[in-house]
>>> print(open('start03.pdb').read())   # PDB, C-alpha atoms, pLDDT in the B column
ATOM      1  CA  MET A  12      69.107 181.994 -13.837  1.00 39.00           C
ATOM      2  CA  MET A  13      66.077 179.849 -13.189  1.00 40.00           C
ATOM      3  CA  PRO A  14      66.253 176.839 -10.806  1.00 41.00           C
ATOM      4  CA  GLY A  15      67.541 173.786 -12.609  1.00 42.00           C
ATOM      5  CA  THR A  16      69.646 175.782 -15.097  1.00 40.00           C
ATOM      6  CA  GLN A  17      72.954 174.051 -15.785  1.00 41.00           C
ATOM      7  CA  ILE A  18      76.329 175.435 -16.795  1.00 37.00           C
ATOM      8  CA  LYS A  19      78.907 173.042 -18.229  1.00 37.00           C
ATOM      9  CA  VAL A  20      82.684 173.232 -18.306  1.00 36.00           C
ATOM     10  CA  ILE A  21      85.433 170.773 -19.181  1.00 35.00           C
ATOM     11  CA  VAL A  22      87.342 169.520 -16.104  1.00 38.00           C
ATOM     12  CA  ASN A  23      89.219 166.503 -14.839  1.00 42.00           C
ATOM     13  CA  ASN A  24      86.348 164.344 -13.567  1.00 50.00           C
ATOM     14  CA  PRO A  25      82.618 164.361 -14.281  1.00 55.00           C
ATOM     15  CA  GLU A  26      80.738 165.797 -11.349  1.00 78.00           C
ATOM     16  CA  ILE A  27      77.671 167.797 -10.365  1.00 88.00           C
ATOM     17  CA  ILE A  28      78.113 170.824  -8.142  1.00 93.00           C
ATOM     18  CA  PHE A  29      74.909 171.671  -6.298  1.00 95.00           C
ATOM     19  CA  PHE A  30      74.222 175.133  -4.922  1.00 96.00           C
ATOM     20  CA  ALA A  31      71.612 177.033  -2.967  1.00 96.00           C
ATOM     21  CA  CYS A  32      71.297 180.469  -1.396  1.00 96.00           C
ATOM     22  CA  PHE A  33      69.559 182.308   1.420  1.00 96.00           C
ATOM     23  CA  PHE A  34      69.051 185.928   2.369  1.00 95.00           C
ATOM     24  CA  THR A  35      70.773 187.624   5.316  1.00 94.00           C
ATOM     25  CA  SER A  36      71.224 191.165   6.590  1.00 90.00           C
ATOM     26  CA  ILE A  37      74.337 191.464   4.406  1.00 91.00           C
ATOM     27  CA  GLY A  38      72.651 190.131   1.269  1.00 92.00           C
ATOM     28  CA  TYR A  39      72.346 186.735  -0.389  1.00 94.00           C
ATOM     29  CA  VAL A  40      74.757 184.024   0.766  1.00 96.00           C
ATOM     30  CA  TYR A  41      75.476 181.352  -1.853  1.00 96.00           C
ATOM     31  CA  VAL A  42      76.725 177.867  -0.986  1.00 97.00           C
ATOM     32  CA  ALA A  43      78.065 175.171  -3.349  1.00 96.00           C
ATOM     33  CA  LYS A  44      78.644 171.493  -2.641  1.00 95.00           C
ATOM     34  CA  SER A  45      80.748 168.901  -4.461  1.00 92.00           C
ATOM     35  CA  ALA A  46      80.791 165.160  -3.873  1.00 92.00           C
ATOM     36  CA  GLN A  47      83.491 165.765  -1.242  1.00 93.00           C
ATOM     37  CA  GLY A  48      81.699 168.505   0.691  1.00 95.00           C
ATOM     38  CA  ILE A  49      81.043 172.247   0.740  1.00 96.00           C
ATOM     39  CA  CYS A  50      83.431 173.760  -1.804  1.00 94.00           C
ATOM     40  CA  ARG A  51      82.345 177.386  -2.024  1.00 95.00           C
ATOM     41  CA  ILE A  52      80.555 179.990   0.104  1.00 95.00           C
ATOM     42  CA  SER A  53      80.244 183.492  -1.297  1.00 93.00           C
ATOM     43  CA  PHE A  54      78.481 186.681  -0.272  1.00 91.00           C
ATOM     44  CA  PRO A  55      76.941 188.928  -1.226  1.00 83.00           C
ATOM     45  CA  TYR A  56      75.924 187.740  -4.696  1.00 79.00           C
ATOM     46  CA  ALA A  57      73.041 189.116  -6.723  1.00 74.00           C
ATOM     47  CA  THR A  58      72.231 186.292  -9.142  1.00 86.00           C
ATOM     48  CA  ASP A  59      72.508 182.529  -9.530  1.00 89.00           C
ATOM     49  CA  GLU A  60      74.399 182.967 -12.797  1.00 89.00           C
ATOM     50  CA  ASP A  61      77.081 185.205 -11.253  1.00 88.00           C
ATOM     51  CA  PHE A  62      77.705 182.666  -8.518  1.00 90.00           C
ATOM     52  CA  SER A  63      77.699 179.680 -10.885  1.00 88.00           C
ATOM     53  CA  GLN A  64      80.262 181.341 -13.127  1.00 85.00           C
ATOM     54  CA  SER A  65      82.474 182.170 -10.150  1.00 85.00           C
ATOM     55  CA  VAL A  66      82.356 178.550  -8.951  1.00 87.00           C
ATOM     56  CA  LEU A  67      83.552 177.339 -12.321  1.00 82.00           C
ATOM     57  CA  LYS A  68      86.242 179.995 -12.585  1.00 79.00           C
ATOM     58  CA  ASP A  69      87.673 179.657  -9.081  1.00 75.00           C
ATOM     59  CA  THR A  70      87.100 175.985  -8.284  1.00 70.00           C
ATOM     60  CA  PHE A  71      88.000 174.561 -11.691  1.00 64.00           C
ATOM     61  CA  PRO A  72      90.700 176.717 -13.317  1.00 58.00           C
ATOM     62  CA  CYS A  73      91.171 176.296 -17.064  1.00 50.00           C
ATOM     63  CA  SER A  74      94.605 174.742 -16.640  1.00 40.00           C
ATOM     64  CA  LYS A  75      92.922 171.611 -15.261  1.00 47.00           C
ATOM     65  CA  HIS A  76      90.377 171.199 -18.056  1.00 43.00           C
ATOM     66  CA  VAL A  77      90.220 167.849 -19.897  1.00 36.00           C
ATOM     67  CA  GLU A  78      87.444 165.973 -21.637  1.00 32.00           C
ATOM     68  CA  ALA A  79      84.577 165.722 -19.171  1.00 47.00           C
ATOM     69  CA  ASN A  80      81.552 167.673 -17.998  1.00 70.00           C
ATOM     70  CA  ILE A  81      80.920 169.583 -14.819  1.00 81.00           C
ATOM     71  CA  LYS A  82      77.390 170.703 -14.116  1.00 86.00           C
ATOM     72  CA  VAL A  83      76.531 173.462 -11.668  1.00 90.00           C
ATOM     73  CA  GLN A  84      72.874 173.359 -10.736  1.00 91.00           C
ATOM     74  CA  ARG A  85      70.590 174.658  -8.029  1.00 94.00           C
ATOM     75  CA  ASN A  86      69.405 172.032  -5.558  1.00 95.00           C
ATOM     76  CA  ASN A  87      68.041 173.357  -2.273  1.00 95.00           C
ATOM     77  CA  ALA A  88      67.376 169.897  -0.852  1.00 96.00           C
ATOM     78  CA  ALA A  89      70.990 168.783  -1.309  1.00 96.00           C
ATOM     79  CA  LEU A  90      72.219 171.614   0.932  1.00 97.00           C
ATOM     80  CA  LYS A  91      69.387 171.670   3.459  1.00 97.00           C
ATOM     81  CA  CYS A  92      71.503 170.741   6.505  1.00 97.00           C
ATOM     82  CA  GLU A  93      74.425 173.028   5.675  1.00 98.00           C
ATOM     83  CA  ILE A  94      72.141 175.971   4.908  1.00 98.00           C
ATOM     84  CA  ALA A  95      70.344 175.502   8.243  1.00 98.00           C
ATOM     85  CA  ILE A  96      73.640 175.784  10.150  1.00 98.00           C
ATOM     86  CA  LEU A  97      74.833 178.774   8.134  1.00 98.00           C
ATOM     87  CA  LYS A  98      71.517 180.550   8.657  1.00 97.00           C
ATOM     88  CA  GLN A  99      71.969 180.211  12.409  1.00 97.00           C
ATOM     89  CA  TYR A 100      75.441 181.732  12.176  1.00 97.00           C
ATOM     90  CA  PHE A 101      74.230 184.751  10.210  1.00 96.00           C
ATOM     91  CA  GLN A 102      71.405 185.174  12.720  1.00 94.00           C
ATOM     92  CA  GLY A 103      74.086 185.775  15.352  1.00 93.00           C
ATOM     93  CA  LYS A 104      74.300 182.317  16.892  1.00 94.00           C
ATOM     94  CA  GLN A 105      77.542 180.512  17.698  1.00 94.00           C
ATOM     95  CA  VAL A 106      77.486 177.215  15.815  1.00 96.00           C
ATOM     96  CA  ASP A 107      79.707 174.276  14.941  1.00 96.00           C
ATOM     97  CA  PHE A 108      80.298 173.918  11.215  1.00 97.00           C
ATOM     98  CA  ASP A 109      80.399 170.147  11.407  1.00 94.00           C
ATOM     99  CA  PHE A 110      79.755 169.351   7.747  1.00 96.00           C
ATOM    100  CA  PRO A 111      82.378 168.009   5.277  1.00 96.00           C
ATOM    101  CA  LEU A 112      84.509 170.547   3.400  1.00 96.00           C
ATOM    102  CA  ASP A 113      86.151 170.322  -0.014  1.00 94.00           C
ATOM    103  CA  LEU A 114      89.383 172.361  -0.009  1.00 94.00           C
ATOM    104  CA  SER A 115      90.776 170.804  -3.180  1.00 91.00           C
ATOM    105  CA  SER A 116      90.865 174.180  -4.948  1.00 90.00           C
ATOM    106  CA  GLY A 117      93.671 175.376  -2.658  1.00 93.00           C
ATOM    107  CA  THR A 118      97.422 174.958  -2.919  1.00 95.00           C
ATOM    108  CA  PRO A 119      99.200 173.112  -0.084  1.00 96.00           C
ATOM    109  CA  PHE A 120     100.213 176.438   1.455  1.00 97.00           C
ATOM    110  CA  GLN A 121      96.717 177.894   1.181  1.00 97.00           C
ATOM    111  CA  THR A 122      95.187 174.778   2.706  1.00 96.00           C
ATOM    112  CA  MET A 123      97.636 174.930   5.611  1.00 97.00           C
ATOM    113  CA  VAL A 124      96.692 178.571   6.259  1.00 98.00           C
ATOM    114  CA  TRP A 125      92.971 177.823   6.009  1.00 97.00           C
ATOM    115  CA  GLU A 126      93.229 174.952   8.481  1.00 97.00           C
ATOM    116  CA  LYS A 127      95.061 177.227  10.942  1.00 97.00           C
ATOM    117  CA  LEU A 128      92.366 179.907  10.610  1.00 97.00           C
ATOM    118  CA  ARG A 129      89.779 177.387  11.793  1.00 97.00           C
ATOM    119  CA  GLU A 130      91.593 177.272  15.136  1.00 97.00           C
ATOM    120  CA  ILE A 131      90.883 180.944  15.868  1.00 97.00           C
ATOM    121  CA  PRO A 132      88.088 180.970  18.481  1.00 96.00           C
ATOM    122  CA  TYR A 133      84.705 182.549  17.841  1.00 96.00           C
ATOM    123  CA  GLY A 134      84.664 186.211  18.850  1.00 94.00           C
ATOM    124  CA  GLU A 135      88.461 186.520  18.884  1.00 95.00           C
ATOM    125  CA  ASN A 136      91.004 187.951  16.447  1.00 96.00           C
ATOM    126  CA  ARG A 137      94.546 187.106  15.443  1.00 96.00           C
ATOM    127  CA  SER A 138      97.086 188.918  13.288  1.00 96.00           C
ATOM    128  CA  TYR A 139      98.505 187.841   9.952  1.00 96.00           C
ATOM    129  CA  LYS A 140     101.869 187.637  11.694  1.00 96.00           C
ATOM    130  CA  TRP A 141     100.411 185.264  14.295  1.00 97.00           C
ATOM    131  CA  VAL A 142      99.091 182.959  11.581  1.00 97.00           C
ATOM    132  CA  ALA A 143     102.457 182.998   9.807  1.00 97.00           C
ATOM    133  CA  GLU A 144     104.252 182.109  13.008  1.00 97.00           C
ATOM    134  CA  GLN A 145     101.773 179.337  13.785  1.00 97.00           C
ATOM    135  CA  ILE A 146     102.388 177.635  10.452  1.00 97.00           C
ATOM    136  CA  GLY A 147     106.136 177.814  10.999  1.00 96.00           C
ATOM    137  CA  ASN A 148     106.890 180.581   8.523  1.00 95.00           C
ATOM    138  CA  PRO A 149     107.084 183.877  10.472  1.00 95.00           C
ATOM    139  CA  ARG A 150     108.078 185.901   7.400  1.00 94.00           C
ATOM    140  CA  ALA A 151     105.026 184.803   5.421  1.00 96.00           C
ATOM    141  CA  ALA A 152     102.497 187.332   6.773  1.00 95.00           C
ATOM    142  CA  ARG A 153     101.932 188.771   3.291  1.00 94.00           C
ATOM    143  CA  ALA A 154     101.471 185.294   1.811  1.00 96.00           C
ATOM    144  CA  VAL A 155      98.994 184.540   4.596  1.00 96.00           C
ATOM    145  CA  GLY A 156      97.020 187.605   3.530  1.00 94.00           C
ATOM    146  CA  MET A 157      96.961 186.355  -0.050  1.00 95.00           C
ATOM    147  CA  ALA A 158      95.768 182.929   1.103  1.00 96.00           C
ATOM    148  CA  ASN A 159      93.031 184.631   3.118  1.00 95.00           C
ATOM    149  CA  ASN A 160      91.919 186.475  -0.011  1.00 93.00           C
ATOM    150  CA  LYS A 161      91.505 183.128  -1.801  1.00 93.00           C
ATOM    151  CA  ASN A 162      89.516 181.572   1.053  1.00 95.00           C
ATOM    152  CA  PRO A 163      86.660 179.658  -0.608  1.00 94.00           C
ATOM    153  CA  LEU A 164      84.613 179.096   2.544  1.00 96.00           C
ATOM    154  CA  PRO A 165      83.946 182.187   4.664  1.00 96.00           C
ATOM    155  CA  PRO A 166      82.833 182.220   7.480  1.00 96.00           C
ATOM    156  CA  VAL A 167      83.464 178.469   7.986  1.00 97.00           C
ATOM    157  CA  ILE A 168      87.114 179.288   7.447  1.00 97.00           C
ATOM    158  CA  PRO A 169      87.038 182.525   9.477  1.00 97.00           C
ATOM    159  CA  CYS A 170      89.454 184.754   7.573  1.00 95.00           C
ATOM    160  CA  HIS A 171      87.478 187.739   8.894  1.00 96.00           C
ATOM    161  CA  ARG A 172      89.038 187.072  12.324  1.00 96.00           C
ATOM    162  CA  VAL A 173      92.502 187.947  10.990  1.00 96.00           C
ATOM    163  CA  ILE A 174      93.462 191.608  11.348  1.00 94.00           C
ATOM    164  CA  GLY A 175      96.570 193.768  11.194  1.00 91.00           C
ATOM    165  CA  SER A 176      99.135 193.636  14.004  1.00 90.00           C
ATOM    166  CA  ASP A 177      98.077 197.171  14.981  1.00 89.00           C
ATOM    167  CA  GLY A 178      94.425 196.164  15.206  1.00 89.00           C
ATOM    168  CA  THR A 179      93.340 197.637  11.870  1.00 88.00           C
ATOM    169  CA  LEU A 180      90.952 195.822   9.578  1.00 88.00           C
ATOM    170  CA  THR A 181      92.806 195.026   6.384  1.00 82.00           C
ATOM    171  CA  GLY A 182      91.831 193.040   3.330  1.00 75.00           C
ATOM    172  CA  TYR A 183      88.619 191.079   2.909  1.00 76.00           C
ATOM    173  CA  ALA A 184      87.343 189.668  -0.377  1.00 71.00           C
ATOM    174  CA  SER A 185      83.729 190.503   0.519  1.00 73.00           C
ATOM    175  CA  GLU A 186      84.661 194.112   1.467  1.00 82.00           C
ATOM    176  CA  LEU A 187      85.770 195.542   4.786  1.00 88.00           C
ATOM    177  CA  HIS A 188      82.343 196.633   5.990  1.00 90.00           C
ATOM    178  CA  ILE A 189      81.242 192.976   5.975  1.00 92.00           C
ATOM    179  CA  LYS A 190      84.402 191.947   7.804  1.00 93.00           C
ATOM    180  CA  LYS A 191      83.636 194.589  10.436  1.00 93.00           C
ATOM    181  CA  TYR A 192      80.032 193.372  10.656  1.00 94.00           C
ATOM    182  CA  LEU A 193      81.037 189.745  11.279  1.00 95.00           C
ATOM    183  CA  ILE A 194      83.687 190.668  13.859  1.00 95.00           C
ATOM    184  CA  GLU A 195      81.272 192.881  15.791  1.00 94.00           C
ATOM    185  CA  MET A 196      78.490 190.307  15.569  1.00 95.00           C
ATOM    186  CA  GLU A 197      80.732 187.599  17.010  1.00 95.00           C
ATOM    187  CA  LYS A 198      82.200 189.803  19.724  1.00 90.00           C
ATOM    188  CA  GLY A 199      78.718 190.918  20.747  1.00 85.00           C
ATOM    189  CA  ILE A 200      77.421 187.374  21.054  1.00 66.00           C
ATOM    190  CA  SER A 201      80.515 186.067  22.829  1.00 55.00           C
ATOM    191  CA  ASN A 202      80.152 188.911  25.342  1.00 58.00           C
ATOM    192  CA  GLY A 203      76.567 187.952  26.070  1.00 55.00           C
ATOM    193  CA  ASP A 204      74.705 190.470  23.899  1.00 57.00           C
ATOM    194  CA  SER A 205      71.661 189.441  21.921  1.00 50.00           C
ATOM    195  CA  PRO A 206      71.864 189.686  18.121  1.00 49.00           C
ATOM    196  CA  GLN A 207      69.459 192.631  18.211  1.00 47.00           C
ATOM    197  CA  ASN A 208      71.595 194.525  20.736  1.00 49.00           C
ATOM    198  CA  THR A 209      74.660 193.875  18.618  1.00 45.00           C
ATOM    199  CA  ARG A 210      72.948 195.306  15.560  1.00 48.00           C
ATOM    200  CA  ASN A 211      71.780 198.327  17.504  1.00 48.00           C
ATOM    201  CA  LYS A 212      75.343 199.110  18.661  1.00 46.00           C
ATOM    202  CA  ARG A 213      76.437 199.285  15.025  1.00 45.00           C
ATOM    203  CA  LYS A 214      73.853 201.952  14.172  1.00 46.00           C
TER     204      LYS A 214
END
>>> encode(input="start03.pdb", output="structure tokens")
Amino acid sequence: MMPGTQIKVIVNNPEIIFFACFFTSIGYVYVAKSAQGICRISFPYATDEDFSQSVLKDTFPCSKHVEANIKVQRNNAALKCEIAILKQYFQGKQVDFDFPLDLSSGTPFQTMVWEKLREIPYGENRSYKWVAEQIGNPRAARAVGMANNKNPLPPVIPCHRVIGSDGTLTGYASELHIKKYLIEMEKGISNGDSPQNTRNKRK
């Protein structure tokens, strides 16, 4: 899809969703922004059209459609600040994701899980059981995993930092090798390694 191409869908309120992308060592990272804030981060994606369709499908499910138009269009300038911060993260730098987020696509339970995930420190891991206990529902480890799978904003909502109770890497929407990459990148930087040294250790 060429820059400026628009896709329309019927939803509750008229709105324009802007998106942009940038290249990293794990492929293209796509970022979308609503009037409320960043609403979708996905990687790796190959084309603008694939990402645009996924934004419409996942952010605006058909059950919510009424008479109105939503436009999804590329606008690099609209996401300049957010892209700059995300680029630093994927370059192996510890950053603060201090831009507004739009979590309106999530259920109350999913949103509660996602907010708890943001409390997991950079370079550290927690178990699904830990997350379930922290939200006051210790038997909900499986539901936590499902909420992780629906996370719209990795790595801002760091679902990659959640692992099995036995230390195994389980479940990641962008595939386990990317989860492993992000965990090792963060652990390397938090331990004082340079990004280059961290990459070399993975070879």
>>> resolve_selection(input="start03.pdb", expression="the PyMOL selection byres ((chain A and resi 55) around 6)", output="number ranges by chain")
A: 38-40, 54, 56
>>> resolve_selection(input="start03.pdb", expression="the PyMOL selection byres ((chain A and resi 174-184) around 6)", output="list in words")
Ser138, Asn160, Val173, Ser185, Glu186 and Leu187 of chain A
>>> axis_aligned_box(input="start03.pdb", around="region 149-163 of chain A", padding_each_side="8 Å", output="AutoDock Vina command-line options")
--center_x 97.4 --center_y 184.2 --center_z 4.3 --size_x 37.4 --size_y 25.1 --size_z 28.3
>>> atom_distance(input="start03.pdb", atom1="CA of Lys44 (chain A)", atom2="CA of Asn86 (chain A)")
9.7 Å
>>> closest_residue(input="start03.pdb", among="A:Ile189, A:Val167, A:Val42, A:Cys50", to="Ser116 (chain A)", atoms="all atoms listed in the file")
A:Cys50
>>> atom_distance(input="start03.pdb", atom1="CA of Leu112 (chain A)", atom2="CA of Leu164 (chain A)")
8.6 Å
>>> atom_distance(input="start03.pdb", atom1="CA of Glu135 (chain A)", atom2="CA of Cys170 (chain A)")
11.5 Å
>>> closest_residue(input="start03.pdb", among="A:Gln47, A:Gly117, A:Lys91, A:Phe29", to="Ser63 (chain A)", atoms="only C-alpha atoms")
A:Phe29
>>> resolve_selection(input="start03.pdb", expression="the PyMOL selection byres ((chain A and resi 121) around 12)", output="ChimeraX atom specification")
/A:114-120,122-128,142-143,146,151,154-163,168,170
>>> residues_near_point(input="start03.pdb", point="(83.1, 167.2, 7.6)", cutoff="9 Å", atoms="all atoms listed in the file", output="PyMOL selection string")
chain A and resi 47-49+108-113
>>> write_last_selection(input="start03.pdb", atoms="C-alpha atoms", output="PDB file, keeping the file's coordinate frame")
ATOM      1  CA  GLN A  47      83.491 165.765  -1.242  1.00 93.00           C
ATOM      2  CA  GLY A  48      81.699 168.505   0.691  1.00 95.00           C
ATOM      3  CA  ILE A  49      81.043 172.247   0.740  1.00 96.00           C
ATOM      4  CA  PHE A 108      80.298 173.918  11.215  1.00 97.00           C
ATOM      5  CA  ASP A 109      80.399 170.147  11.407  1.00 94.00           C
ATOM      6  CA  PHE A 110      79.755 169.351   7.747  1.00 96.00           C
ATOM      7  CA  PRO A 111      82.378 168.009   5.277  1.00 96.00           C
ATOM      8  CA  LEU A 112      84.509 170.547   3.400  1.00 96.00           C
ATOM      9  CA  ASP A 113      86.151 170.322  -0.014  1.00 94.00           C
TER      10      ASP A 113
END
>>> closest_residue(input="start03.pdb", among="A:Thr58, A:Leu97, A:Asn80, A:Asn136", to="Ile27 (chain A)", atoms="only C-alpha atoms")
A:Asn80
>>> residues_near_point(input="start03.pdb", point="(78.3, 186.6, 6.6)", cutoff="8 Å", atoms="only C-alpha atoms", output="PyMOL selection string")
chain A and resi 35+37+40+54+100-101+165-166+189+193
>>> write_last_selection(input="start03.pdb", atoms="C-alpha atoms", output="compact mmCIF listing (two decimals), in the frame of the given file")
# COMPACT_ATOMS: atom_id res chain seq x y z
CA THR A 35 70.77 187.62 5.32
CA ILE A 37 74.34 191.46 4.41
CA VAL A 40 74.76 184.02 0.77
CA PHE A 54 78.48 186.68 -0.27
CA TYR A 100 75.44 181.73 12.18
CA PHE A 101 74.23 184.75 10.21
CA PRO A 165 83.95 182.19 4.66
CA PRO A 166 82.83 182.22 7.48
CA ILE A 189 81.24 192.98 5.98
CA LEU A 193 81.04 189.74 11.28
>>> build_atoms(input="start03.pdb", residues="region 101-121 of chain A", atoms="N, CA and C atoms", output="short mmCIF file (atom, residue, chain, number, x, y, z; two decimals), in the frame of the given file")
data_model
loop_
_atom_site.label_atom_id
_atom_site.label_comp_id
_atom_site.auth_asym_id
_atom_site.auth_seq_id
_atom_site.Cartn_x
_atom_site.Cartn_y
_atom_site.Cartn_z
N PHE A 101 74.52 183.39 10.66
CA PHE A 101 74.23 184.75 10.21
C PHE A 101 73.10 185.41 11.00
N GLN A 102 72.39 184.62 11.79
CA GLN A 102 71.40 185.17 12.72
C GLN A 102 72.04 185.54 14.05
N GLY A 103 73.36 185.36 14.15
CA GLY A 103 74.09 185.78 15.35
C GLY A 103 74.27 184.68 16.38
N LYS A 104 74.14 183.43 15.95
CA LYS A 104 74.30 182.32 16.89
C LYS A 104 75.66 181.65 16.70
N GLN A 105 76.29 181.24 17.78
CA GLN A 105 77.54 180.51 17.70
C GLN A 105 77.24 179.06 17.36
N VAL A 106 77.80 178.57 16.29
CA VAL A 106 77.49 177.22 15.82
C VAL A 106 78.77 176.43 15.53
N ASP A 107 78.62 175.13 15.39
CA ASP A 107 79.71 174.28 14.94
C ASP A 107 79.46 173.92 13.47
N PHE A 108 80.41 174.27 12.63
CA PHE A 108 80.30 173.92 11.22
C PHE A 108 80.82 172.49 11.05
N ASP A 109 79.97 171.54 11.33
CA ASP A 109 80.40 170.15 11.41
C ASP A 109 80.08 169.35 10.14
N PHE A 110 80.00 170.05 9.00
CA PHE A 110 79.76 169.35 7.75
C PHE A 110 81.07 169.21 6.96
N PRO A 111 81.15 168.24 6.06
CA PRO A 111 82.38 168.01 5.28
C PRO A 111 82.72 169.20 4.39
N LEU A 112 84.02 169.45 4.23
CA LEU A 112 84.51 170.55 3.40
C LEU A 112 85.35 169.98 2.26
N ASP A 113 85.31 170.66 1.14
CA ASP A 113 86.15 170.32 -0.01
C ASP A 113 87.10 171.49 -0.25
N LEU A 114 88.37 171.31 0.14
CA LEU A 114 89.38 172.36 -0.01
C LEU A 114 90.33 172.07 -1.16
N SER A 115 89.90 171.25 -2.10
CA SER A 115 90.78 170.80 -3.18
C SER A 115 91.18 171.92 -4.13
N SER A 116 90.50 173.06 -4.07
CA SER A 116 90.86 174.18 -4.95
C SER A 116 92.12 174.91 -4.46
N GLY A 117 92.54 174.66 -3.23
CA GLY A 117 93.67 175.38 -2.66
C GLY A 117 95.01 174.70 -2.90
N THR A 118 96.07 175.51 -2.88
CA THR A 118 97.42 174.96 -2.92
C THR A 118 97.75 174.39 -1.54
N PRO A 119 98.82 173.61 -1.42
CA PRO A 119 99.20 173.11 -0.08
C PRO A 119 99.39 174.23 0.93
N PHE A 120 100.01 175.33 0.52
CA PHE A 120 100.21 176.44 1.46
C PHE A 120 98.88 177.06 1.85
N GLN A 121 98.02 177.31 0.88
CA GLN A 121 96.72 177.89 1.18
C GLN A 121 95.92 177.00 2.12
#
